[in-house]
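Notes follow once the structure below has been shown.
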Amino acid sequence: EAMWKMLQKRKPSDYVISTGKQYTVKQFVNFVLKELNINHKWRGKGINEKGFINSGKKTIIEIDKNYFRPSEVESLLGDASLAHNELNWKPKYSFQQLVDEMCKINYI
């Protein structure tokens, strides 16, 4: 919908399309694992933190410094105010709805 609204403008412009809400990768993982009914635990701190299946024997997620951006930023948060004002656009999906939809795709 946002893309369609952008294409209807006579004069092109750049728009940020975002919810304006911020989540960490850890929060995303927690939402996904909950949706998939996978019990898990986190151990460690900072870059040494790892996620384990509830038994604690199998690592399911860990940090790899090789995937850090060269100029890593502390915070990424989109500001969609221009899209709100000029396109009369607003997000229709919540973060939880997005996670739900992503997880359901795996079961099709």
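Ligands are numbered from 1 in the order shown, chains are lettered A, B, ... in the order of the structure tokens, and residues start at 1 in each chain.
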- [ ] Write out as a ChimeraX atom specification each polymer residue whose atoms come within 7 Å of stretch 79-87 of chain A, counting only C-alpha atoms; drop sequence neighbours fewer than 2 positions from it.
- [x] /A:5,15-18,20,77,89-90
Could you take the residues named above and write them with C-alpha atoms, as a compact mmCIF listing (two decimals), in the first residue's frame?
# COMPACT_ATOMS: atom_id res chain seq x y z
CA LYS A 5 0.73 5.54 -2.60
CA TYR A 15 9.98 7.93 2.18
CA VAL A 16 10.81 5.82 5.18
CA ILE A 17 8.24 3.11 5.75
CA SER A 18 8.40 1.90 9.32
CA GLY A 20 8.39 3.80 14.44
CA LEU A 77 14.66 3.36 14.34
CA TRP A 89 -0.05 6.15 5.27
CA LYS A 90 0.11 4.30 8.56
Open item on the list: Please return, as a PyMOL selection string, all residues of chain A that DSSP assigns to strand (DSSP E) on the basis of the backbone.
Closed with: chain A and resi 40-43+50-53+59-62
Print the selection's residues with N, CA, C and O atoms to a file, as a PDB file, in the first residue's frame.
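Wrote again.pdb, looks like this:
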ATOM      1  N   HIS A  40      13.195 -22.018  25.550  1.00  0.00           N
ATOM      2  CA  HIS A  40      14.606 -21.650  25.419  1.00  0.00           C
ATOM      3  C   HIS A  40      15.068 -20.874  26.647  1.00  0.00           C
ATOM      4  O   HIS A  40      14.255 -20.415  27.450  1.00  0.00           O
ATOM      5  N   LYS A  41      16.381 -20.763  26.763  1.00  0.00           N
ATOM      6  CA  LYS A  41      17.017 -20.001  27.836  1.00  0.00           C
ATOM      7  C   LYS A  41      18.163 -19.207  27.240  1.00  0.00           C
ATOM      8  O   LYS A  41      18.776 -19.621  26.253  1.00  0.00           O
ATOM      9  N   TRP A  42      18.437 -18.072  27.843  1.00  0.00           N
ATOM     10  CA  TRP A  42      19.585 -17.254  27.445  1.00  0.00           C
ATOM     11  C   TRP A  42      20.649 -17.385  28.530  1.00  0.00           C
ATOM     12  O   TRP A  42      20.337 -17.368  29.721  1.00  0.00           O
ATOM     13  N   ARG A  43      21.910 -17.509  28.108  1.00  0.00           N
ATOM     14  CA  ARG A  43      23.036 -17.544  29.053  1.00  0.00           C
ATOM     15  C   ARG A  43      24.137 -16.630  28.541  1.00  0.00           C
ATOM     16  O   ARG A  43      24.355 -16.537  27.334  1.00  0.00           O
ATOM     17  N   LYS A  50      24.240 -16.403  24.557  1.00  0.00           N
ATOM     18  CA  LYS A  50      23.787 -17.434  23.631  1.00  0.00           C
ATOM     19  C   LYS A  50      22.393 -17.900  24.032  1.00  0.00           C
ATOM     20  O   LYS A  50      22.034 -17.884  25.206  1.00  0.00           O
ATOM     21  N   GLY A  51      21.640 -18.339  23.031  1.00  0.00           N
ATOM     22  CA  GLY A  51      20.322 -18.897  23.271  1.00  0.00           C
ATOM     23  C   GLY A  51      20.380 -20.406  23.137  1.00  0.00           C
ATOM     24  O   GLY A  51      20.992 -20.925  22.213  1.00  0.00           O
ATOM     25  N   PHE A  52      19.766 -21.092  24.087  1.00  0.00           N
ATOM     26  CA  PHE A  52      19.775 -22.551  24.118  1.00  0.00           C
ATOM     27  C   PHE A  52      18.353 -23.082  24.152  1.00  0.00           C
ATOM     28  O   PHE A  52      17.464 -22.470  24.734  1.00  0.00           O
ATOM     29  N   ILE A  53      18.167 -24.270  23.560  1.00  0.00           N
ATOM     30  CA  ILE A  53      16.905 -24.979  23.754  1.00  0.00           C
ATOM     31  C   ILE A  53      16.838 -25.309  25.234  1.00  0.00           C
ATOM     32  O   ILE A  53      17.863 -25.517  25.885  1.00  0.00           O
ATOM     33  N   THR A  59      22.866 -25.173  21.407  1.00  0.00           N
ATOM     34  CA  THR A  59      22.871 -23.743  21.111  1.00  0.00           C
ATOM     35  C   THR A  59      22.027 -23.504  19.859  1.00  0.00           C
ATOM     36  O   THR A  59      22.231 -24.160  18.842  1.00  0.00           O
ATOM     37  N   ILE A  60      21.083 -22.561  19.956  1.00  0.00           N
ATOM     38  CA  ILE A  60      20.258 -22.264  18.782  1.00  0.00           C
ATOM     39  C   ILE A  60      20.553 -20.876  18.214  1.00  0.00           C
ATOM     40  O   ILE A  60      20.202 -20.598  17.078  1.00  0.00           O
ATOM     41  N   ILE A  61      21.208 -20.026  18.993  1.00  0.00           N
ATOM     42  CA  ILE A  61      21.591 -18.710  18.474  1.00  0.00           C
ATOM     43  C   ILE A  61      22.775 -18.175  19.273  1.00  0.00           C
ATOM     44  O   ILE A  61      22.861 -18.361  20.490  1.00  0.00           O
ATOM     45  N   GLU A  62      23.708 -17.575  18.545  1.00  0.00           N
ATOM     46  CA  GLU A  62      24.848 -16.932  19.192  1.00  0.00           C
ATOM     47  C   GLU A  62      25.337 -15.792  18.303  1.00  0.00           C
ATOM     48  O   GLU A  62      25.019 -15.714  17.126  1.00  0.00           O
TER      49      GLU A  62
END
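Each of A:Trp4, A:Gly46, A:Gln97, A:Asn39 was checked against A:Lys58 using only C-alpha atoms; the smallest atom-to-atom distance is that of A:Asn39.
Omitting A:Phe95 and its sequence neighbours fewer than 3 positions away, and counting only C-alpha atoms, the residues within 12 Å are A:Ser18, A:Thr19, A:Gly20, A:Lys21, A:Gln22, A:Tyr23, A:Thr24, A:Gln27, A:Phe28, A:Phe31, A:Val32, A:Pro91, A:Lys92, A:Leu98, A:Val99, A:Asp100, A:Glu101, A:Met102.
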- [ ] Measure the distance from atom CA of A:Phe68 to atom CA of A:Lys34 in Å and round it to one decimal.
- [x]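 Atom CA of A:Lys34 lies at a distance of 26.1 Å from atom CA of A:Phe68.
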